[in-house]
Every structure is written in structure tokens, then in C-alpha cells.
file data.cif (mmCIF, C-alpha atoms and all ligand atoms)
data_protein
loop_
_atom_site.label_atom_id
_atom_site.label_comp_id
_atom_site.auth_asym_id
_atom_site.auth_seq_id
_atom_site.Cartn_x
_atom_site.Cartn_y
_atom_site.Cartn_z
CA MET T 248 -87.29 242.78 181.03
CA GLY T 249 -87.15 240.32 183.90
CA ASN T 250 -86.00 241.74 187.18
CA TRP T 251 -85.10 238.93 189.46
CA THR T 252 -83.59 240.87 192.31
CA ARG T 253 -85.25 240.24 195.65
CA ARG T 254 -87.30 243.38 195.01
CA GLY T 255 -88.55 241.93 191.71
CA PHE T 256 -89.67 238.63 193.21
CA VAL T 257 -91.31 240.24 196.22
CA GLY T 258 -93.39 242.42 193.93
CA ALA T 259 -96.67 240.86 192.79
CA GLY T 260 -98.66 240.87 189.54
CA LEU T 261 -97.34 241.66 186.10
CA ALA T 262 -93.82 242.59 187.17
CA ALA T 263 -93.35 239.27 188.96
CA ALA T 264 -94.87 237.31 186.07
CA THR T 265 -92.57 239.11 183.62
CA ALA T 266 -89.61 238.40 185.86
CA LEU T 267 -90.49 234.71 186.08
CA SER T 268 -91.01 234.31 182.36
CA ALA T 269 -87.72 236.06 181.65
CA ARG T 270 -86.02 233.81 184.18
CA ALA T 271 -87.60 230.74 182.55
CA SER T 272 -86.25 231.77 179.17
CA GLN T 273 -82.83 232.37 180.71
CA MET T 274 -82.90 228.86 182.17
CA MET T 275 -83.88 227.45 178.79
CA THR T 276 -80.93 229.29 177.24
CA ALA T 277 -78.66 227.84 179.91
CA GLU T 278 -80.04 224.34 179.29
CA ARG T 279 -79.56 224.72 175.54
CA ARG T 280 -75.99 225.74 176.18
CA ALA T 281 -75.43 222.79 178.53
CA GLY T 282 -76.69 220.41 175.87
CA GLY T 283 -75.26 222.13 172.84
CA GLY T 284 -71.80 223.14 174.04
CA ALA T 285 -70.31 226.47 174.91
CA ILE T 286 -71.26 229.73 173.32
CA LYS T 287 -68.62 230.76 170.80
CA ILE T 288 -67.37 234.05 169.41
CA THR T 289 -67.86 234.22 165.65
CA ASP T 290 -66.77 237.78 164.93
CA LEU T 291 -65.28 240.97 166.37
CA ARG T 292 -66.31 244.21 164.65
CA CYS T 293 -65.60 247.87 165.17
CA ALA T 294 -67.50 250.87 163.81
CA ILE T 295 -66.85 254.54 164.41
CA ILE T 296 -70.28 255.82 165.44
CA GLY T 297 -70.22 259.57 165.81
CA ARG T 298 -66.63 259.72 167.06
CA ASN T 299 -66.81 256.73 169.42
CA PRO T 300 -65.04 253.52 168.36
CA THR T 301 -67.75 250.96 169.07
CA VAL T 302 -66.99 247.27 169.48
CA ARG T 303 -69.42 244.46 168.71
CA ILE T 304 -68.57 240.87 169.63
CA VAL T 305 -70.82 238.45 167.75
CA THR T 306 -71.58 234.91 168.98
CA ASP T 307 -73.11 231.76 167.55
CA GLN T 308 -76.13 232.00 169.87
CA GLY T 309 -77.67 235.27 168.82
CA ILE T 310 -76.13 237.29 171.64
CA SER T 311 -73.93 240.28 170.85
CA GLY T 312 -71.89 242.31 173.31
CA TYR T 313 -71.03 245.98 172.93
CA GLY T 314 -68.21 248.11 174.24
CA GLN T 315 -67.03 251.59 173.44
CA ALA T 316 -63.86 253.64 173.54
CA GLU T 317 -63.39 257.37 174.01
CA SER T 318 -64.77 259.73 171.39
CA ALA T 319 -61.26 261.24 171.40
CA LYS T 320 -59.99 258.11 169.61
CA PRO T 321 -61.76 257.73 166.25
CA TYR T 322 -58.49 256.26 164.92
CA LEU T 323 -58.73 253.14 167.09
CA LYS T 324 -60.50 250.78 164.70
CA PRO T 325 -57.44 248.92 163.31
CA MET T 326 -56.18 248.39 166.87
CA VAL T 327 -59.49 246.78 167.89
CA LEU T 328 -59.51 244.52 164.82
CA PHE T 329 -55.94 243.43 165.59
CA TYR T 330 -57.39 241.26 168.39
CA ARG T 331 -60.02 239.59 166.18
CA ASP T 332 -58.04 236.40 165.55
CA TYR T 333 -57.42 236.00 169.28
CA LEU T 334 -61.14 235.99 170.02
CA ILE T 335 -62.70 233.90 167.25
CA GLY T 336 -63.81 230.50 168.57
CA GLU T 337 -63.39 231.45 172.24
CA ASP T 338 -66.18 231.17 174.81
CA PRO T 339 -66.94 234.84 175.58
CA THR T 340 -68.12 233.96 179.08
CA ASP T 341 -64.55 232.91 179.96
CA VAL T 342 -63.61 236.57 180.20
CA ASN T 343 -60.51 235.91 182.30
CA ARG T 344 -59.00 233.49 179.78
CA ILE T 345 -59.51 235.81 176.84
CA MET T 346 -58.09 238.75 178.79
CA LEU T 347 -54.95 236.75 179.62
CA LYS T 348 -54.42 236.30 175.89
CA ILE T 349 -54.90 239.91 174.82
CA ARG T 350 -54.02 242.14 177.78
CA ARG T 351 -50.30 241.57 177.09
CA MET T 352 -50.70 243.35 173.76
CA GLY T 353 -51.99 246.73 174.86
CA ALA T 354 -50.30 249.83 176.24
CA MET T 355 -50.83 253.07 178.13
CA LYS T 356 -53.35 255.56 176.76
CA PRO T 357 -54.46 255.65 174.00
CA TRP T 358 -53.57 252.02 173.17
CA GLY T 359 -55.20 250.30 176.14
CA ALA T 360 -58.61 251.38 174.90
CA ALA T 361 -59.06 248.55 172.38
CA VAL T 362 -58.45 245.83 174.97
CA SER T 363 -60.66 247.70 177.45
CA ALA T 364 -63.64 248.01 175.10
CA ILE T 365 -63.35 244.31 174.22
CA GLU T 366 -63.33 243.37 177.92
CA ILE T 367 -66.53 245.33 178.52
CA ALA T 368 -68.23 243.75 175.49
CA LEU T 369 -67.28 240.31 176.83
CA TRP T 370 -68.93 241.07 180.18
CA ASP T 371 -72.00 242.27 178.29
CA ILE T 372 -72.25 238.87 176.60
CA ALA T 373 -71.50 236.93 179.80
CA GLY T 374 -74.26 238.82 181.60
CA GLN T 375 -76.80 238.25 178.85
CA ALA T 376 -75.91 234.56 178.63
CA ALA T 377 -76.40 234.16 182.39
CA GLY T 378 -79.48 236.40 182.48
CA LEU T 379 -77.73 238.56 185.07
CA PRO T 380 -76.55 242.16 185.23
CA VAL T 381 -72.79 242.49 184.87
CA TYR T 382 -72.39 243.67 188.46
CA LYS T 383 -73.63 240.25 189.65
CA LEU T 384 -70.84 238.53 187.73
CA LEU T 385 -68.33 240.90 189.35
CA GLY T 386 -69.38 239.77 192.81
CA GLY T 387 -72.61 241.66 193.38
CA LYS T 388 -73.62 245.08 194.52
CA ILE T 389 -72.16 247.10 197.34
CA HIS T 390 -73.86 250.30 196.17
CA ASP T 391 -77.48 250.62 194.98
CA ARG T 392 -76.68 253.92 193.34
CA VAL T 393 -73.48 255.49 192.01
CA ARG T 394 -72.35 259.07 192.01
CA PRO T 395 -71.25 260.68 188.73
CA TYR T 396 -69.24 263.89 188.79
CA GLY T 397 -69.60 266.68 186.26
CA ASN T 398 -66.66 267.81 184.16
CA SER T 399 -66.99 271.43 183.05
CA GLU T 400 -65.61 270.45 179.64
CA ASN T 401 -68.80 268.57 178.72
CA ASN T 402 -71.18 270.79 180.68
CA SER T 403 -70.24 274.20 179.32
CA LYS T 404 -69.00 275.86 176.16
CA MET T 405 -66.91 278.33 178.16
CA THR T 406 -63.12 278.35 178.08
CA PRO T 407 -62.28 279.99 181.41
CA ARG T 408 -59.36 282.40 181.58
CA THR T 409 -59.92 284.73 184.54
CA PRO T 410 -61.09 284.32 188.14
CA GLN T 411 -64.43 285.81 187.07
CA ASP T 412 -64.73 283.16 184.33
CA TYR T 413 -64.01 280.44 186.88
CA GLY T 414 -66.72 281.72 189.19
CA GLU T 415 -69.24 281.74 186.34
CA LEU T 416 -68.17 278.31 185.11
CA ALA T 417 -68.44 276.68 188.55
CA ALA T 418 -71.92 278.20 188.97
CA GLU T 419 -72.96 276.95 185.51
CA VAL T 420 -71.85 273.33 186.09
CA LYS T 421 -73.31 273.36 189.58
CA SER T 422 -76.71 274.26 188.10
CA ALA T 423 -76.65 271.46 185.46
CA LYS T 424 -79.85 269.42 185.31
CA GLU T 425 -78.04 266.33 186.61
CA GLY T 426 -77.69 267.97 190.02
CA PHE T 427 -74.04 266.97 190.36
CA THR T 428 -72.71 266.87 193.92
CA LEU T 429 -69.12 266.98 192.69
CA ILE T 430 -67.69 268.91 189.74
CA LYS T 431 -64.27 269.27 188.08
CA LEU T 432 -62.70 272.24 186.28
CA PRO T 433 -59.42 272.54 184.32
CA VAL T 434 -56.65 274.82 185.61
CA GLY T 435 -52.90 275.26 185.13
CA PHE T 436 -51.34 273.38 182.25
CA HIS T 437 -54.65 271.56 181.71
CA ASN T 438 -56.09 274.82 180.37
CA ASP T 439 -53.49 276.63 178.29
CA ALA T 440 -55.98 279.46 177.61
CA MET T 441 -55.93 280.27 181.30
CA LEU T 442 -52.15 280.46 181.61
CA ASN T 443 -51.86 282.39 178.36
CA ALA T 444 -54.39 284.91 179.66
CA ILE T 445 -51.61 286.60 181.61
CA PRO T 446 -48.13 287.45 180.28
CA ASP T 447 -45.27 285.12 181.18
CA ALA T 448 -47.15 282.73 183.44
CA TRP T 449 -44.28 280.27 183.22
CA TYR T 450 -40.70 279.94 182.00
CA GLY T 451 -41.13 277.84 178.91
CA GLN T 452 -42.40 277.52 175.39
CA HIS T 453 -46.08 277.64 174.58
CA TRP T 454 -47.04 274.75 172.28
CA THR T 455 -49.99 275.61 170.12
CA GLY T 456 -52.62 273.11 169.04
CA ARG T 457 -54.18 270.20 170.89
CA MET T 458 -52.38 267.22 169.33
CA PRO T 459 -50.62 265.92 171.24
CA PRO T 460 -52.39 267.65 174.12
CA TYR T 461 -50.94 269.26 177.21
CA MET T 462 -47.40 269.86 175.97
CA ASP T 463 -47.02 273.08 177.96
CA ARG T 464 -44.99 272.62 181.13
CA GLY T 465 -42.35 274.20 183.28
CA LEU T 466 -41.54 276.46 186.17
CA LEU T 467 -44.34 278.90 187.01
CA THR T 468 -43.64 282.57 187.67
CA GLN T 469 -45.07 284.31 190.74
CA PRO T 470 -47.87 285.96 188.68
CA GLY T 471 -48.52 282.56 187.09
CA ILE T 472 -49.05 280.69 190.32
CA ASP T 473 -50.99 283.61 191.85
CA HIS T 474 -53.32 283.54 188.84
CA VAL T 475 -54.04 279.82 189.20
CA VAL T 476 -54.71 280.17 192.92
CA ALA T 477 -57.04 283.14 192.31
CA CYS T 478 -59.02 281.10 189.77
CA VAL T 479 -59.37 278.19 192.21
CA GLU T 480 -60.51 280.58 194.92
CA ALA T 481 -63.16 282.12 192.64
CA ALA T 482 -64.45 278.70 191.55
CA LYS T 483 -64.66 277.48 195.13
CA LYS T 484 -66.57 280.59 196.21
CA ALA T 485 -69.13 280.01 193.44
CA ALA T 486 -69.42 276.28 194.16
CA GLY T 487 -69.97 276.89 197.86
CA ASN T 488 -69.89 274.08 200.35
CA GLU T 489 -72.85 272.12 198.92
CA VAL T 490 -70.93 270.93 195.83
CA GLY T 491 -67.48 269.38 195.94
CA ILE T 492 -64.97 270.79 193.46
CA ALA T 493 -61.90 269.14 191.95
CA PHE T 494 -59.31 270.59 189.55
CA ASP T 495 -57.57 268.90 186.64
CA CYS T 496 -54.20 270.66 186.71
CA GLY T 497 -51.72 269.25 184.27
CA PRO T 498 -49.55 267.45 183.72
CA GLY T 499 -46.46 269.63 183.64
CA TRP T 500 -45.87 271.18 187.08
CA THR T 501 -42.48 271.11 188.74
CA VAL T 502 -42.47 269.36 192.10
CA LYS T 503 -41.98 272.51 194.16
CA ASP T 504 -44.61 274.50 192.23
CA ALA T 505 -47.04 271.63 192.72
CA ILE T 506 -46.37 271.67 196.46
CA ARG T 507 -46.69 275.48 196.69
CA PHE T 508 -49.97 275.37 194.75
CA ALA T 509 -51.42 272.47 196.74
CA ARG T 510 -50.56 274.23 199.99
CA ALA T 511 -51.97 277.56 198.78
CA VAL T 512 -55.37 276.00 198.05
CA GLU T 513 -55.59 274.06 201.32
CA PRO T 514 -58.13 276.56 202.76
CA TYR T 515 -60.54 275.73 199.88
CA ASP T 516 -60.79 272.01 200.67
CA VAL T 517 -60.76 270.97 197.00
CA ALA T 518 -61.79 267.36 196.35
CA TRP T 519 -58.50 266.71 194.56
CA LEU T 520 -55.79 268.14 192.32
CA GLU T 521 -55.37 265.91 189.27
CA ASP T 522 -52.30 265.01 187.20
CA LEU T 523 -49.97 267.73 188.48
CA ILE T 524 -46.85 265.72 187.61
CA THR T 525 -47.75 263.10 184.98
CA GLY T 526 -51.04 262.08 183.37
CA ASP T 527 -53.16 262.20 180.23
CA TYR T 528 -50.94 260.99 177.40
CA GLU T 529 -47.67 260.44 179.32
CA PRO T 530 -46.99 256.73 179.10
CA TYR T 531 -45.61 256.32 182.64
CA PRO T 532 -46.63 257.16 186.19
CA ASN T 533 -44.02 258.90 188.33
CA ALA T 534 -44.77 257.50 191.76
CA GLN T 535 -41.73 258.82 193.62
CA VAL T 536 -42.36 262.39 192.51
CA PHE T 537 -46.10 262.20 193.23
CA LYS T 538 -45.25 260.87 196.69
CA GLU T 539 -43.16 263.95 197.43
CA VAL T 540 -46.07 266.22 196.52
CA THR T 541 -48.66 264.14 198.37
CA GLU T 542 -46.65 264.07 201.58
CA SER T 543 -46.14 267.84 201.52
CA THR T 544 -49.77 268.97 201.66
CA SER T 545 -53.17 268.21 203.15
CA THR T 546 -54.75 268.74 199.69
CA ARG T 547 -55.68 265.43 198.07
CA ILE T 548 -53.52 264.47 195.09
CA HIS T 549 -54.92 262.41 192.20
CA THR T 550 -53.66 260.66 189.05
CA GLY T 551 -54.14 257.57 186.89
CA GLU T 552 -56.37 258.11 183.84
CA GLU T 553 -53.71 257.14 181.28
CA ILE T 554 -52.46 254.07 183.12
CA TYR T 555 -52.97 250.60 181.62
CA LEU T 556 -53.30 247.47 183.79
CA ARG T 557 -52.96 246.88 187.53
CA GLU T 558 -49.22 246.28 187.25
CA ASN T 559 -48.66 249.92 186.37
CA PHE T 560 -50.53 251.07 189.50
CA LYS T 561 -48.35 248.94 191.79
CA ASP T 562 -45.85 251.64 192.76
CA LEU T 563 -48.46 254.40 193.09
CA ILE T 564 -50.51 252.23 195.45
CA GLU T 565 -47.79 250.47 197.45
CA MET T 566 -45.85 253.72 197.96
CA GLN T 567 -49.09 255.54 198.78
CA ALA T 568 -47.90 258.12 196.29
CA VAL T 569 -51.35 259.67 195.76
CA ASN T 570 -54.62 259.96 197.70
CA VAL T 571 -57.02 259.33 194.82
CA LEU T 572 -56.66 257.14 191.71
CA GLY T 573 -58.62 257.84 188.54
CA PRO T 574 -58.24 254.91 186.13
CA ASP T 575 -60.54 254.94 183.13
CA PRO T 576 -62.37 251.63 182.52
CA GLU T 577 -61.96 252.29 178.79
CA ASP T 578 -58.16 252.64 179.10
CA VAL T 579 -57.07 250.54 182.08
CA GLY T 580 -58.06 247.17 180.61
CA GLY T 581 -61.74 247.06 181.52
CA ILE T 582 -64.08 246.96 184.49
CA ALA T 583 -62.77 243.83 186.22
CA GLU T 584 -59.26 245.28 185.96
CA LEU T 585 -60.39 248.54 187.52
CA LYS T 586 -62.24 246.69 190.28
CA TRP T 587 -59.04 244.87 191.18
CA ILE T 588 -57.15 248.19 191.34
CA ALA T 589 -59.91 249.79 193.44
CA GLU T 590 -59.74 246.94 195.94
CA TYR T 591 -55.95 247.04 196.15
CA ALA T 592 -56.10 250.83 196.58
CA HIS T 593 -58.68 250.34 199.34
CA LEU T 594 -56.20 248.13 201.22
CA HIS T 595 -53.76 251.04 201.15
CA GLY T 596 -56.13 253.82 202.18
CA ILE T 597 -56.38 255.29 198.68
CA GLN T 598 -59.66 256.49 197.15
CA VAL T 599 -60.91 255.88 193.60
CA ALA T 600 -62.69 258.27 191.22
CA PRO T 601 -62.69 256.72 187.72
CA HIS T 602 -62.08 258.93 184.67
CA GLY T 603 -64.45 258.74 181.70
CA ILE T 604 -65.43 262.07 180.16
CA PHE T 605 -65.39 260.79 176.55
CA ASP T 606 -66.57 257.20 177.08
CA GLY T 607 -70.05 257.57 175.61
CA LEU T 608 -73.27 255.90 176.73
CA PHE T 609 -71.88 252.35 176.83
CA GLY T 610 -69.09 253.81 178.92
CA VAL T 611 -71.68 255.20 181.34
CA ALA T 612 -73.27 251.74 181.57
CA ALA T 613 -69.89 250.14 182.27
CA GLN T 614 -69.22 252.74 184.97
CA VAL T 615 -72.56 252.03 186.65
CA HIS T 616 -71.82 248.29 186.94
CA LEU T 617 -68.28 249.02 188.09
CA GLY T 618 -69.37 251.62 190.64
CA ALA T 619 -71.92 249.18 192.07
CA VAL T 620 -69.17 246.70 193.00
CA CYS T 621 -66.35 249.03 194.08
CA PRO T 622 -65.46 249.03 197.77
CA GLN T 623 -66.11 251.96 200.06
CA ASN T 624 -63.14 253.94 198.79
CA TYR T 625 -65.23 254.75 195.69
CA ILE T 626 -65.99 258.47 195.36
CA ALA T 627 -67.61 259.06 191.96
CA PHE T 628 -67.02 258.52 188.25
CA GLU T 629 -66.54 261.15 185.59
CA TYR T 630 -69.83 261.39 183.72
CA ALA T 631 -69.86 261.01 179.93
CA LYS T 632 -72.59 262.35 177.69
CA GLY T 633 -73.84 260.99 174.40
CA GLN T 634 -72.37 263.37 171.84
CA PRO T 635 -73.87 264.22 169.39
CA GLU T 636 -77.27 264.29 171.09
CA TRP T 637 -78.65 261.58 168.73
CA TRP T 638 -76.78 258.98 170.75
CA TYR T 639 -79.76 259.02 173.14
CA ASP T 640 -82.01 257.98 170.22
CA ILE T 641 -79.93 254.98 169.17
CA VAL T 642 -79.21 253.45 172.59
CA GLU T 643 -81.94 251.71 174.59
CA GLY T 644 -82.02 250.78 178.25
CA LEU T 645 -80.75 253.90 179.99
CA PRO T 646 -83.04 255.46 182.56
CA ASP T 647 -84.54 258.81 181.60
CA PRO T 648 -83.15 260.99 182.98
CA VAL T 649 -79.93 259.06 183.52
CA VAL T 650 -78.90 261.12 186.55
CA LYS T 651 -81.44 262.05 189.20
CA ASN T 652 -80.45 264.41 192.00
CA GLY T 653 -76.78 263.73 191.45
CA PHE T 654 -76.99 259.91 191.42
CA ILE T 655 -77.66 257.01 189.04
CA ASP T 656 -79.70 254.08 190.34
CA VAL T 657 -77.98 250.80 189.45
CA TRP T 658 -80.21 248.93 187.00
CA ASP T 659 -80.89 245.20 186.98
CA LYS T 660 -81.19 244.29 183.32
CA PRO T 661 -78.94 241.44 182.04
CA GLY T 662 -75.51 242.26 180.65
CA LEU T 663 -74.70 245.97 180.57
CA GLY T 664 -78.44 246.56 180.37
CA VAL T 665 -78.11 248.94 177.43
CA THR T 666 -78.04 248.06 173.76
CA PHE T 667 -78.54 249.57 170.34
CA ASN T 668 -81.82 250.34 168.67
CA VAL T 669 -80.38 248.80 165.52
CA ALA T 670 -82.74 250.44 163.02
CA ALA T 671 -82.01 253.88 164.46
CA ALA T 672 -78.29 253.25 164.88
CA LYS T 673 -77.90 252.06 161.28
CA THR T 674 -78.76 255.53 160.02
CA HIS T 675 -75.58 256.84 161.68
CA LEU T 676 -73.15 254.28 160.24
CA ASN T 677 -70.46 255.37 157.80
CA ASP T 678 -70.29 253.58 154.45
CA GLU T 679 -67.33 251.43 155.48
CA ASP T 680 -69.20 250.29 158.62
CA ARG T 681 -72.49 249.44 156.88
CA GLY T 682 -72.33 245.75 157.88
CA PHE T 683 -71.68 246.40 161.58
CA PHE T 684 -75.11 245.24 162.77
CA ASP T 685 -75.71 242.52 160.12
MG MG H 701 -57.69 264.37 183.66
#
call {"tool": "encode", "arguments": {"input": "data.cif", "output": "C-alpha cells"}}
result
Amino acid sequence: MGNWTRRGFVGAGLAAATALSARASQMMTAERRAGGGAIKITDLRCAIIGRNPTVRIVTDQGISGYGQAESAKPYLKPMVLFYRDYLIGEDPTDVNRIMLKIRRMGAMKPWGAAVSAIEIALWDIAGQAAGLPVYKLLGGKIHDRVRPYGNSENNSKMTPRTPQDYGELAAEVKSAKEGFTLIKLPVGFHNDAMLNAIPDAWYGQHWTGRMPPYMDRGLLTQPGIDHVVACVEAAKKAAGNEVGIAFDCGPGWTVKDAIRFARAVEPYDVAWLEDLITGDYEPYPNAQVFKEVTESTSTRIHTGEEIYLRENFKDLIEMQAVNVLGPDPEDVGGIAELKWIAEYAHLHGIQVAPHGIFDGLFGVAAQVHLGAVCPQNYIAFEYAKGQPEWWYDIVEGLPDPVVKNGFIDVWDKPGLGVTFNVAAAKTHLNDEDRGFFD
């Protein structure tokens, strides 16, 4: 694949020749387009591969773009196909114009995911058509490498309940082969097994089951809050000072409990406390309440994974209601949308650590291009794995290993730089999705 970064041209021999021939073919494609009119979208398809809704945008010039939504949303297909009529006949390289048409018809998590996956697939096409990596179309690199962070939920089979469990879990994720420099563990209402491990951790009903998730909430008892603090302390001790540690906490805390907890863990210098007040599947941010918590502690406060579009971050950012925002590119409306939010947050002294645990391998690719162009308030993105493991056999273009010593080098291939090995991927299609790659 042609690499026409400065590094690629400076290099001599085969690499340079390959780069030049790839560039020549890109120019020919551009000339063909100039003479033959704009590239046009001919179809929008969606297949559920494994559990990931996978979007393919088909064009009249042999280029397809791919995007992906969370593996937690295998029900998303009809929502993706709803936008088909809005895309047919459009020039996929006019990403902004298409997004103006469809962004109005999305919503907070889980319903922003369809628009988001389409946006990423459009950038994939635009990059391939230009012969440039997506990050170039977003303004070019600031970072040559991006930092993923490890979520314990996709790096361990353990459900932690006790301080001892938390110590073991932090040590396990810290020793993952990726060499993460920052890890995240679930506590409080984000891990009902933990609160239910002691009697009467809070005044309120326990909701069983995971759908809808995180229904438990309420006023914590003294043993309840002591238990959460003890688990944080044990995890921090195991992580040590070499690895940063964040905690996904809710939502569901009362304001005063959130403040007491955040103050109690100040000595442990946690990277952030996530979603104490609202988050996940609550379709609104609660900026005023977050602000009260944030202003009451030196512990960093984080939210944002469920929020759709920049407009819904306005209050959180302008009120400086949190210290760290965690939009998910596969929920917020795409990578250009998240870049805008990251830049506006940067103006207000707020950091960004994008969510993405379930976003699959195309999600990882989107995060790499996004991370490359985010301003200096960028911390890290939540690393997704291909699950099941066969995802690594059906997607081409990722480095192997993807993460080296806690970082991913930003790659230079056109578009997202990853695509399907169609023959291999076809073997994992369901009957109703048989025609996805045809
Ligand atoms: Mg979260």
C-alpha cells in the first residue's frame, strides 16, 4: 500500500516505488472522477457480524466504506437502513452535507449509533477516494501514536466483589499483553455484584438483570460507601503508580454521596470517576448536578458516553461541569463530531477520553484516526477487542500486535486503513445477510 507521508517519500527503493505507483493510481482515480462526475452512493447495507452491526456504503466506483456499531446493539439494523433513502445518489465525499441531512434523525444512546457508523463509513470512502488516511481529511496529525486504555470488562472474566478481588483484577489488567498505561474498573452502581456483596449497601431496590442496565441507584449507607472506598484503595495499591487507574461508578449516586466518595478517594489520585450522576443509557446529561460534584473535590469527574451530538455537550462544557468528557465515536455522531467536541472542550480546559469498549475493530480504526487529530487535551480511548476472536481473521490492515507497549502507532493507509477479507468474512454472515458483500 502506498505510503506517501514524508517518511515514505524519503525512503528509497521498493517502498518509495510502491508509494509512487499507488499515488499514480490515486491520481488516475481522481482524474477519472474529474472527467466522469462525482462518485455516487448506490447502496447502504447493514449486517450483524458476530454481534456488531456493520455498515457498508456501496458506491458506483468500486469503493466501499465500512463502519461499525457496538456489539451491545445487535438490534440496530433497521435503524441503520432507515437512512438508506437519504444516502442513495449522494456524493459520499461530501460528508458534511450528508450528515446535515441525517444527524437530525438520531438520538442519545443507543439510537445515535446508526448515524455514527454511517459517518465513519463515509470518511472511509472519502479517504480511499482521495488516496489519503482519514486523519488527513480531518486536518492532519497532531499525534503519531495514540494511547488506548484497558477496561477490565474486556480484559478479565472476573466479576469483582471484595477489596481482594479488586486488587487481583487491577493486577490482571495491568499485566495484559497490550501493556496498558491506563486502566478502568467498575465500582458502585456500575457493578451491582459489588454492592450486593455486602448487606444493605444502599437504601433502595435492587433491580435484577442487565436490560436495561444500571437501574440500581440511591442513597448509600455508611457500610456501602466504606466498601466502595476500600475496593478503590485495594485496586490502586495493586496498580501502583506506574499505571493510571479510573473507575466507572454509575450512574445512580446522590450528589452528596458522590462528593463524599470523590473526596474519600482523593489520596489515590484516580484518573477519573465516571458517570456518578448520569450516563450510560440515560438520555440526558445533568450539567448543573455534575458541576456541584466537580467543584467539591480535587478528584477528576467524567461523563459523556451516551451523549449524541455537540449540542448536547454545550452545557457540560460551557459550565465546566466535568473535568473529562468521554463521548463514543460510535454514539456521538461520528469522528468529526467528536473532534469538534474535543476542540471545544479544549477551549474550556476539559480533557477528553473517548468511550468505545464494544466498538469492534472498525471502531478501533476510527479511534486511531480520531486520536491522531485531537488536540492536547486528549488522554486515551477505551480499547475495543474483536470478539469473538475470529474478527482478527476477517479484518485486514491492523498492525500485529495492535497495541505495542501501551500505544498504537497511527497508520497511513487510505481511508480507515482497515477492511474486510471478504472471503473469510462471508463465512460469518447470517443467512439474511448473505448478500452483504456482493
Ligand atoms: Mg462508562
call {"tool": "residues_near_ligand", "arguments": {"input": "data.cif", "ligand": "ligand MG 701 (chain H)", "cutoff": "8 Å", "atoms": "only C-alpha atoms and all ligand atoms", "output": "JSON, numbers by chain"}}
result
{"T": [495, 496, 497, 521, 522, 526, 527, 550, 552, 602]}
call {"tool": "atom_distance", "arguments": {"input": "data.cif", "atom1": "CA of Ala444 in chain T", "atom2": "CA of Gly397 in chain T"}}
result
24.6 Å
call {"tool": "atom_distance", "arguments": {"input": "data.cif", "atom1": "CA of Val420 in chain T", "atom2": "CA of Ala448 in chain T"}}
result
26.6 Å
call {"tool": "residues_around", "arguments": {"input": "data.cif", "residues": "Tyr450 in chain T", "least_positions_apart": "5", "cutoff": "9 Å", "atoms": "all atoms listed in the file", "output": "MDAnalysis selection string"}}
result
chainID T and resid 464:468
call {"tool": "closest_residue", "arguments": {"input": "data.cif", "among": "T:Glu542, T:Asp332, T:Asp338, T:Asp640", "to": "Ala568 in chain T", "atoms": "all atoms listed in the file"}}
result
T:Glu542
call {"tool": "residues_around", "arguments": {"input": "data.cif", "residues": "range 402-412 of chain T", "least_positions_apart": "4", "cutoff": "12 Å", "atoms": "all atoms listed in the file", "output": "PyMOL selection string"}}
result
chain T and resi 396-398+416-427+430-435+437-445+471+473-485+604+629-634
call {"tool": "residues_around", "arguments": {"input": "data.cif", "residues": "Leu328 in chain T", "least_positions_apart": "2", "cutoff": "9 Å", "atoms": "all atoms listed in the file", "output": "compact mmCIF listing (two decimals) with C-alpha atoms, in the coordinates of the input"}}
result
# COMPACT_ATOMS: atom_id res chain seq x y z
CA LEU T 291 -65.28 240.97 166.37
CA ARG T 292 -66.31 244.21 164.65
CA CYS T 293 -65.60 247.87 165.17
CA LEU T 323 -58.73 253.14 167.09
CA LYS T 324 -60.50 250.78 164.70
CA PRO T 325 -57.44 248.92 163.31
CA MET T 326 -56.18 248.39 166.87
CA TYR T 330 -57.39 241.26 168.39
CA ARG T 331 -60.02 239.59 166.18
CA ASP T 332 -58.04 236.40 165.55
CA ALA T 361 -59.06 248.55 172.38
call {"tool": "closest_residue", "arguments": {"input": "data.cif", "among": "T:Val512, T:Ile389, T:Ile582, T:Ile288", "to": "Cys621 in chain T", "atoms": "all atoms listed in the file"}}
result
T:Ile389
call {"tool": "closest_residue", "arguments": {"input": "data.cif", "among": "T:Ala360, T:Val657, T:Ala493, T:Ala619", "to": "Ala316 in chain T", "atoms": "only C-alpha atoms"}}
result
T:Ala360
call {"tool": "atom_distance", "arguments": {"input": "data.cif", "atom1": "CA of Lys673 in chain T", "atom2": "CA of Ile372 in chain T"}}
result
21.0 Å
